[in-house]
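> The structure follows.
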There are 2 protein chains.
Amino acid sequence: MATERPRPVTLLDVANEAGVSVSTASRALTGARRVRGDLERRVRDAVENLGYRPNEAARGLRMARTMTLGIFFHRLNSPVSLDLIDGLGAAAHEARYSLAVTSARGDKAQYASLFQHFYGQRVDALMMIWPRGDLSGHLAPFARAGVPAFAMRWLPGEPGLTVISADNSVASTEAVNALAALGHKRLTIFSHGVLWTPATLRRPYFDRAGEAAGIEIRRRTSRDSGFTVRELVADELASPEPPTAFVVQYSEFSDVMAALAALGKRVPDDVSVVGFTDSKFASTAQRDQAAVIDVDSFELGRRMAGVMLEAIENGPPSEDVRIHGLSRWIPGGTIGPAPKA
Amino acid sequence: MATERPRPVTLLDVANEAGVSVSTASRALTGARRVRGDLERRVRDAVENLGYRPNEAARGLRMARTMTLGIFFHRLNSPVSLDLIDGLGAAAHEARYSLAVTSARGDKAQYASLFQHFYGQRVDALMMIWPRGDLSGHLAPFARAGVPAFAMRWLPGEPGLTVISADNSVASTEAVNALAALGHKRLTIFSHGVLWTPATLRRPYFDRAGEAAGIEIRRRTSRDSGFTVRELVADELASPEPPTAFVVQYSEFSDVMAALAALGKRVPDDVSVVGFTDSKFASTAQRDQAAVIDVDSFELGRRMAGVMLEAIENGPPSEDVRIHGLSRWIPGGTIGPAPKA
DNA sequence: TTGTAGGCGTTATCAT
DNA sequence: ATGATAACGCCTACAA
């Protein structure tokens with residue numbers, strides 16, 4: 001037996017209760033034009049009594065705006081995703097927007113269906129988090145409808161798609177400088193089992209900072225190799241001129257620490273370790289007293305939503321968007337002077 | 001300059017292109033009634049050519065159904081939340097529903113505003129994840145509108161609110177039995193820094209299983225104490241009759257392992273350790289060869305969405321919902337025979 | 001300042 | 001089987 005839903009209270013109900021016309025009721029609530037004070041009060045009272053809330057679908061139909069932000073994840077896997085959702089949601093909600101979240105679960109074959117779904121929903125703006133492959137086909141309907149589309153990804157933007165990314169260069173440079181000041185000459189950036197991770201984006205930061213500070217920057221990744229963290233750490237330390245410092249994704253921080261311990265290396269006496277983290281792990285990192293480059297991905301989400309809202313209002317930005325000032329260098333007990341050679 | 005959006009293609013455009021009326025076009029697409037084969041083909045072709053997608057807001061207005069599931073989080077913090085969103089989203093999308101996600105960010109003062117927002121959206125069903133406090137006030141509008149509301153929480157349901165939870169008793173009992181078979185007599189369940197965690201829900205499972213298997217079950221939590229994991233582990237092991245096995249939330253698994261190592265205890269020779277995890281950590285756990293009680297929270301999300309969709313169709317269930325069969329006992333190298341006293 | 005009426009895009013009812 | 005038409009709830013010219 002299909003449930004027959006009680007009809008929710010509508011603006012007409014409010015108008016009747018207040019003894020005015022729907023348009024007056026509407027104006028009293030939207031404040032588009034002035035209404036007589038006493039009438040406005042009566043309308044507001046009626047709203048209160050009846051528990052009226054405007055139907056956003058109807059309003060959206062009329063206004064050609066659904067007050068919905070579409071967030072598309074290629075995959076929903078890291079705690080960073082959570083913070084992004086949280087930050088996006090916070091900013092969206094403040095602006096009276098809602099957040100429609102979807103995930104392709106790593107499957108590109110899902111894209112078409114998911115994008116069509118968003119288009120059917122008539123989201124007012126679209127944000128893609130680490131999407132893969134060519135999107136132009138999927139994005140065409142949005143472009144035609146004038147829906148601003150954003151992507152967090154490594155490739156630059158293109159017509160109909162603005163790329164948005166976080167700039168962590170300041171904190172990264174500070175970290176490199178701090179290590180240089182401690183006498184370190186060789187630093188290895190460690191990214192294990194990751195293909196499209198922030199590690200890739202951070203490359204230029206570190207390269208530039210390393211060059212300026214006179215530190216040699218190497219990288220190790222196991223993305224194709226299938227080696228364990230411990231094997232990679234061991235291999236790296238067995239090289240002729242081994243690094244004296246590591247930069248590590250925080251999700252592998254403890255693995256690397258354990259690997260170093262197992263190899264008989266003390267931190268920070270023999271090796272310094274810097275974690276690349278986000279604020280979600282901040283408390284953990286502090287408990288560990290770890291030195292970290294901290295990225296506030298909650299705030300990043302907020303800022304991303306801000307950019308989306310702005311684009312809905314005034315059209316998409318003319319250039320790709322870089323977001324600054326969200327990362328901090330936090331020294332900690334896992335770094336120390338470079339060991340004497 | 002406010003952007004003037006190009007008008008997206010509507011059903012009328014399709015009808016014109018196909019040379020039929022809107023009603024025929026609508027019928028051809030919804031399949032409500034049969035239309036002549038050639039006309040249906042022409043309509044489908046027009047849809048293809050024009051890239052038409054029905055406006056869900058308009059459809060929702062007409063159908064009094066928005067095809068939207070509202071998911072409310074008290075806080076968006078654990079990786080489990082991510083899996084839940086992912087699973088909910090997968091099931092929702094299959095049913096052509098979208099997922100509206102919101103988080104109170106741990107702040108009960110946000111509830112009213114967030115619930116009103118969902119109500120304005122006219123979500124078809126509502127799911128609350130670990131909500132706090134009294135919800136009846138917030139839920140009243142949904143109840144009046146006949147919107148099924150669910151909550152994942154410890155307290156039982158009430159009128160207008162169905163409680164949904166996962167039943168992990170089978171796997172938990174298996175774990176206890178496995179430990180009993182290995183000769184363990186005293187087991188401590190360890191929950192650090194958590195108030196409303198699954199640890200609380202698991203109590204009865206373990207209590208019953210322990211009683212049946214003849215194992216004494218204790219619990220340690222630091223929720224108010226502010227002790228470190230290591231201090232708690234040390235204190236527990238210093239008791240007159242120390243436990244020979246621990247059950248630990250996976251997020252603290254490595255902390256407990258490290259604490260045991262620091263205390264000179266070998267795993268599993270001196271102490272056995274069982275992790276309580278979810279499938280997100282499964283690969284990690286396997287790499288660690290850890291013995292775990294694994295919960296598939298992605299699948300849990302799917303099932304939750306299924307319950308919501310069913311409730312939209314046929315009204316809310318008459319009783320609170322327990323979801324079974326989503327947890328597995330996975331033995332591993334972190335358990336072994338109890339040490340001889 | 002207020003009310004009347006039209007329309008947003010869709011589906012369902014009613015004639016044809 | 002098809003087409004005209006009303007209705008969903010809201011906002012906004014336009015008229016009063």
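Ordering of the structure tokens sets the chain letters (A, B, ...), residue numbers begin anew at 1 in every chain, and ligands are numbered from 1 in the order given.
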Can you list, as a ChimeraX atom specification, every protein, DNA or RNA residue that comes within 12 Å of DA13 of chain D when you count only C-alpha atoms (C1' of nucleotides), leaving out same-chain residues fewer than 4 positions away?
/A:23 /C:4-7
> Go ahead and save the residues from that selection, with C-alpha atoms (C1' of nucleotides), as a PDB file, in the first residue's frame.

```pdb
ATOM      1  CA  SER A  23       1.687  37.396  -3.337  1.00  0.00           C
TER       2      SER A  23
ATOM      3  C1'  DT C   4      -4.695  38.955 -10.002  1.00  0.00           C
ATOM      4  C1'  DA C   5      -2.736  36.192 -13.257  1.00  0.00           C
ATOM      5  C1'  DG C   6       0.809  33.890 -15.800  1.00  0.00           C
ATOM      6  C1'  DG C   7       4.473  30.782 -16.111  1.00  0.00           C
TER       7       DG C   7
END
```
> If we count only C-alpha atoms (C1' of nucleotides) and set the cut-off at 7 Å, which residues sit around DG9 of chain C, ignoring sequence neighbours fewer than 5 positions away in its own chain? Please answer as a list in words.
Thr10, Asn55 and Ala58 of chain B
> Just to confirm, what's the straight-line distance from atom CA of Leu187 of chain A to atom CA of Ser81 of chain A in Å (one decimal)?
28.2 Å
> May I have all residues of segment 103-279 of chain B that DSSP, computed from the backbone, assigns to alpha helix (DSSP H), given as a PyMOL selection string?
chain B and resi 111-121+136-144+169-181+198-213+229-237+253-262
> List the neighbours of Pro159 of chain A out to 9 Å using only C-alpha atoms (C1' of nucleotides); skip same-chain residues closer than 3 positions along the sequence, and give me the result as a list in words.
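Selected residues are Ser136, Ala143 and Thr162 of chain A.
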> Dump as a PyMOL selection string the residues of chain C that approach chain A to within 8 Å, counting only C-alpha atoms (C1' of nucleotides).
chain C and resi 1-3+8-9
> Could those residues be written to a file, using N, CA and C atoms (P, O5', C5', C4', C3', O3' and C1' of nucleotides), as a PDB file, in the first residue's frame?

```pdb
ATOM      1  P    DT C   1       4.615  51.123   0.200  1.00  0.00           P
ATOM      2  O5'  DT C   1       3.915  49.784   0.721  1.00  0.00           O
ATOM      3  C5'  DT C   1       2.926  49.907   1.704  1.00  0.00           C
ATOM      4  C4'  DT C   1       1.642  49.354   1.163  1.00  0.00           C
ATOM      5  C3'  DT C   1       1.575  47.830   1.150  1.00  0.00           C
ATOM      6  O3'  DT C   1       0.514  47.416   1.973  1.00  0.00           O
ATOM      7  C1'  DT C   1       0.796  48.747  -0.906  1.00  0.00           C
ATOM      8  P    DT C   2       0.219  45.929   2.276  1.00  0.00           P
ATOM      9  O5'  DT C   2      -0.644  45.413   1.054  1.00  0.00           O
ATOM     10  C5'  DT C   2      -2.049  45.593   1.059  1.00  0.00           C
ATOM     11  C4'  DT C   2      -2.623  45.135  -0.259  1.00  0.00           C
ATOM     12  C3'  DT C   2      -2.602  43.632  -0.483  1.00  0.00           C
ATOM     13  O3'  DT C   2      -3.897  43.120  -0.228  1.00  0.00           O
ATOM     14  C1'  DT C   2      -2.078  44.882  -2.459  1.00  0.00           C
ATOM     15  P    DG C   3      -4.154  41.528  -0.388  1.00  0.00           P
ATOM     16  O5'  DG C   3      -4.569  41.406  -1.922  1.00  0.00           O
ATOM     17  C5'  DG C   3      -5.716  42.084  -2.378  1.00  0.00           C
ATOM     18  C4'  DG C   3      -5.891  41.860  -3.871  1.00  0.00           C
ATOM     19  C3'  DG C   3      -5.995  40.397  -4.281  1.00  0.00           C
ATOM     20  O3'  DG C   3      -7.045  40.274  -5.228  1.00  0.00           O
ATOM     21  C1'  DG C   3      -4.275  41.461  -5.500  1.00  0.00           C
ATOM     22  P    DC C   8       7.140  29.411 -19.315  1.00  0.00           P
ATOM     23  O5'  DC C   8       8.202  28.701 -18.371  1.00  0.00           O
ATOM     24  C5'  DC C   8       9.234  29.438 -17.710  1.00  0.00           C
ATOM     25  C4'  DC C   8       9.646  28.672 -16.472  1.00  0.00           C
ATOM     26  C3'  DC C   8       9.680  27.165 -16.688  1.00  0.00           C
ATOM     27  O3'  DC C   8      11.013  26.794 -17.063  1.00  0.00           O
ATOM     28  C1'  DC C   8       8.615  27.759 -14.601  1.00  0.00           C
ATOM     29  P    DG C   9      11.231  25.956 -18.403  1.00  0.00           P
ATOM     30  O5'  DG C   9      10.799  24.492 -17.947  1.00  0.00           O
ATOM     31  C5'  DG C   9      11.628  23.790 -17.037  1.00  0.00           C
ATOM     32  C4'  DG C   9      10.963  22.495 -16.662  1.00  0.00           C
ATOM     33  C3'  DG C   9      10.674  21.571 -17.843  1.00  0.00           C
ATOM     34  O3'  DG C   9      11.133  20.281 -17.497  1.00  0.00           O
ATOM     35  C1'  DG C   9       8.712  21.922 -16.580  1.00  0.00           C
TER      36       DG C   9
END
```
> Distance atom CA of Pro8 of chain B-atom CA of Ser113 of chain A, one decimal place?
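One can read the atom CA of Pro8 of chain B to atom CA of Ser113 of chain A distance as 18.5 Å.
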> Select, as a compact mmCIF listing (two decimals) with N, CA and C atoms, in the first residue's frame, those residues of chain B with any atom no more than 8 Å from chain A (distances computed using only C-alpha atoms).

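Ended up saving to part39.txt:
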```
# COMPACT_ATOMS: atom_id res chain seq x y z
N MET B 1 27.59 41.71 -12.99
CA MET B 1 26.68 41.32 -14.06
C MET B 1 26.21 39.90 -13.81
N ALA B 2 24.96 39.76 -13.48
CA ALA B 2 24.43 38.42 -13.24
C ALA B 2 24.34 37.67 -14.57
N THR B 3 24.79 36.42 -14.53
CA THR B 3 24.81 35.65 -15.77
C THR B 3 23.39 35.30 -16.19
N ARG B 5 21.41 32.67 -17.81
CA ARG B 5 21.63 31.29 -18.20
C ARG B 5 20.87 30.96 -19.49
N PRO B 6 21.54 30.27 -20.39
CA PRO B 6 20.82 29.74 -21.54
C PRO B 6 19.74 28.79 -21.03
N ARG B 7 18.58 28.84 -21.63
CA ARG B 7 17.50 27.97 -21.17
C ARG B 7 17.82 26.52 -21.54
N PRO B 8 17.87 25.61 -20.57
CA PRO B 8 18.12 24.20 -20.90
C PRO B 8 16.95 23.65 -21.72
N GLY B 51 19.90 16.29 -26.39
CA GLY B 51 20.54 16.07 -25.10
C GLY B 51 19.59 16.41 -23.96
N ARG B 53 17.31 16.09 -20.71
CA ARG B 53 17.21 15.36 -19.45
C ARG B 53 16.10 16.01 -18.65
N PRO B 54 15.16 15.24 -18.16
CA PRO B 54 14.05 15.84 -17.43
C PRO B 54 14.53 16.64 -16.23
N ASN B 55 13.87 17.73 -15.98
CA ASN B 55 14.15 18.57 -14.82
C ASN B 55 13.54 17.93 -13.58
N GLU B 56 14.41 17.45 -12.71
CA GLU B 56 13.92 16.71 -11.55
C GLU B 56 13.14 17.60 -10.59
N ALA B 57 13.46 18.87 -10.58
CA ALA B 57 12.74 19.78 -9.70
C ALA B 57 11.28 19.88 -10.14
N ALA B 58 11.09 20.01 -11.45
CA ALA B 58 9.74 20.11 -11.98
C ALA B 58 8.99 18.80 -11.75
N GLY B 60 9.64 16.65 -9.51
CA GLY B 60 9.40 16.53 -8.07
C GLY B 60 8.19 17.34 -7.65
N LEU B 61 8.08 18.52 -8.22
CA LEU B 61 6.94 19.36 -7.87
C LEU B 61 5.64 18.66 -8.22
N THR B 66 10.87 14.30 -4.38
CA THR B 66 12.06 14.98 -4.88
C THR B 66 13.18 14.04 -5.27
N LEU B 76 31.16 14.58 11.07
CA LEU B 76 31.69 13.86 9.92
C LEU B 76 33.14 13.59 10.22
N ASN B 77 33.41 12.50 10.95
CA ASN B 77 34.79 12.37 11.39
C ASN B 77 35.46 11.05 11.07
N SER B 78 34.76 9.98 11.16
CA SER B 78 35.47 8.72 11.01
C SER B 78 35.44 8.24 9.56
N PRO B 79 36.39 7.42 9.20
CA PRO B 79 36.37 6.83 7.86
C PRO B 79 35.10 6.03 7.63
N SER B 81 32.18 7.04 8.29
CA SER B 81 31.23 7.97 7.69
C SER B 81 31.38 7.97 6.17
N LEU B 82 32.62 7.95 5.73
CA LEU B 82 32.88 7.98 4.28
C LEU B 82 32.27 6.76 3.61
N ASP B 83 32.52 5.60 4.20
CA ASP B 83 31.98 4.39 3.61
C ASP B 83 30.46 4.40 3.62
N ASP B 86 29.35 6.56 0.86
CA ASP B 86 29.60 5.88 -0.41
C ASP B 86 28.54 4.82 -0.67
N GLY B 89 25.17 6.39 -1.23
CA GLY B 89 25.14 7.01 -2.55
C GLY B 89 24.98 5.98 -3.65
N ALA B 90 25.69 4.87 -3.51
CA ALA B 90 25.61 3.84 -4.55
C ALA B 90 24.18 3.33 -4.69
N HIS B 93 21.81 6.08 -6.00
CA HIS B 93 21.95 6.35 -7.43
C HIS B 93 21.33 5.26 -8.28
N ARG B 96 17.95 5.93 -8.79
CA ARG B 96 17.76 7.24 -9.37
C ARG B 96 17.47 8.30 -8.32
N SER B 98 19.06 11.02 -5.38
CA SER B 98 20.31 11.69 -5.02
C SER B 98 20.44 11.79 -3.52
N LEU B 99 21.67 12.10 -3.12
CA LEU B 99 22.02 12.11 -1.72
C LEU B 99 22.35 13.54 -1.30
N ALA B 100 21.59 14.06 -0.37
CA ALA B 100 21.91 15.37 0.18
C ALA B 100 22.56 15.14 1.54
N VAL B 101 23.80 15.58 1.67
CA VAL B 101 24.57 15.30 2.88
C VAL B 101 24.76 16.58 3.69
N THR B 102 24.61 16.45 4.98
CA THR B 102 24.82 17.60 5.83
C THR B 102 25.45 17.16 7.14
N SER B 103 26.18 18.05 7.75
CA SER B 103 26.86 17.73 9.01
C SER B 103 26.70 18.88 9.99
N ARG B 105 28.63 19.18 12.41
CA ARG B 105 29.99 19.40 12.89
C ARG B 105 30.06 19.37 14.42
N LEU B 114 19.71 22.99 10.20
CA LEU B 114 19.98 21.95 9.21
C LEU B 114 18.72 21.13 8.90
N GLN B 116 15.64 22.18 9.22
CA GLN B 116 14.74 23.04 8.44
C GLN B 116 15.16 23.05 6.98
N HIS B 117 16.45 23.09 6.77
CA HIS B 117 16.95 23.09 5.41
C HIS B 117 16.51 21.83 4.66
N TYR B 119 14.03 19.99 5.40
CA TYR B 119 12.58 20.02 5.21
C TYR B 119 12.23 20.90 4.02
N GLY B 120 12.89 22.04 3.90
CA GLY B 120 12.65 22.91 2.75
C GLY B 120 12.95 22.20 1.45
N GLN B 121 13.93 21.34 1.49
CA GLN B 121 14.29 20.58 0.30
C GLN B 121 13.25 19.51 -0.01
N ARG B 122 12.41 19.23 0.95
CA ARG B 122 11.41 18.17 0.82
C ARG B 122 12.07 16.83 0.48
N PRO B 141 7.95 18.34 11.77
CA PRO B 141 7.50 18.68 10.41
C PRO B 141 7.59 17.50 9.45
N ARG B 144 4.74 15.13 10.20
CA ARG B 144 3.48 15.64 9.66
C ARG B 144 3.40 15.43 8.15
N ALA B 145 4.54 15.58 7.49
CA ALA B 145 4.54 15.44 6.03
C ALA B 145 4.67 13.98 5.61
N GLY B 146 4.75 13.07 6.59
CA GLY B 146 4.84 11.66 6.25
C GLY B 146 6.18 11.25 5.70
N VAL B 147 7.23 11.97 6.06
CA VAL B 147 8.56 11.62 5.59
C VAL B 147 9.19 10.63 6.56
N ILE B 312 9.95 4.79 1.80
CA ILE B 312 9.32 5.80 0.95
C ILE B 312 8.18 5.15 0.18
N GLU B 313 8.42 3.95 -0.27
CA GLU B 313 7.42 3.26 -1.08
C GLU B 313 6.24 2.78 -0.23
N ASN B 314 6.56 2.14 0.87
CA ASN B 314 5.52 1.43 1.61
C ASN B 314 5.30 1.91 3.02
N GLY B 315 5.85 3.06 3.35
CA GLY B 315 5.70 3.54 4.70
C GLY B 315 6.78 2.98 5.60
```
> Could you list the residues in chain D lying within 7 Å of chain B, using only C-alpha atoms (C1' of nucleotides), and format the result as a VMD selection string?
chain D and resid 1 to 3 8
> Mind listing the strand (DSSP E) residues of segment 238-267 of chain A, per DSSP on the backbone, as a PyMOL selection string?
chain A and resi 245-249
> Print the selection's residues with C-alpha atoms to a file, as a PDB file, in the first residue's frame.

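Written file, again-v5.pdb:
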```pdb
ATOM      1  CA  ALA A 245      65.277  13.323   6.017  1.00  0.00           C
ATOM      2  CA  PHE A 246      61.929  12.058   4.733  1.00  0.00           C
ATOM      3  CA  VAL A 247      58.698  13.759   3.819  1.00  0.00           C
ATOM      4  CA  VAL A 248      55.844  11.322   4.181  1.00  0.00           C
ATOM      5  CA  GLN A 249      52.133  11.283   3.564  1.00  0.00           C
TER       6      GLN A 249
END
```
> Using only C-alpha atoms for the distances, tell me which of B:Asn177, B:Ala261, B:Asp320, B:Arg218 is nearest to Ala149 of chain B.
B:Asp320
> For a test of reading the model, state the distance in Å between atom CA of Ala166 of chain A and atom CA of Ser272 of chain A, rounded to one decimal.
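Atom-to-atom, atom CA of Ala166 of chain A to atom CA of Ser272 of chain A, that is 25.6 Å.
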> Just the residues within 12 Å of Ser239 of chain A, please, counting only C-alpha atoms (C1' of nucleotides), with nothing from its chain fewer than 5 positions along; format it as a list in words.
Arg186, Thr188, Arg218, Leu232, Val233, Ala234 and Thr244 of chain A
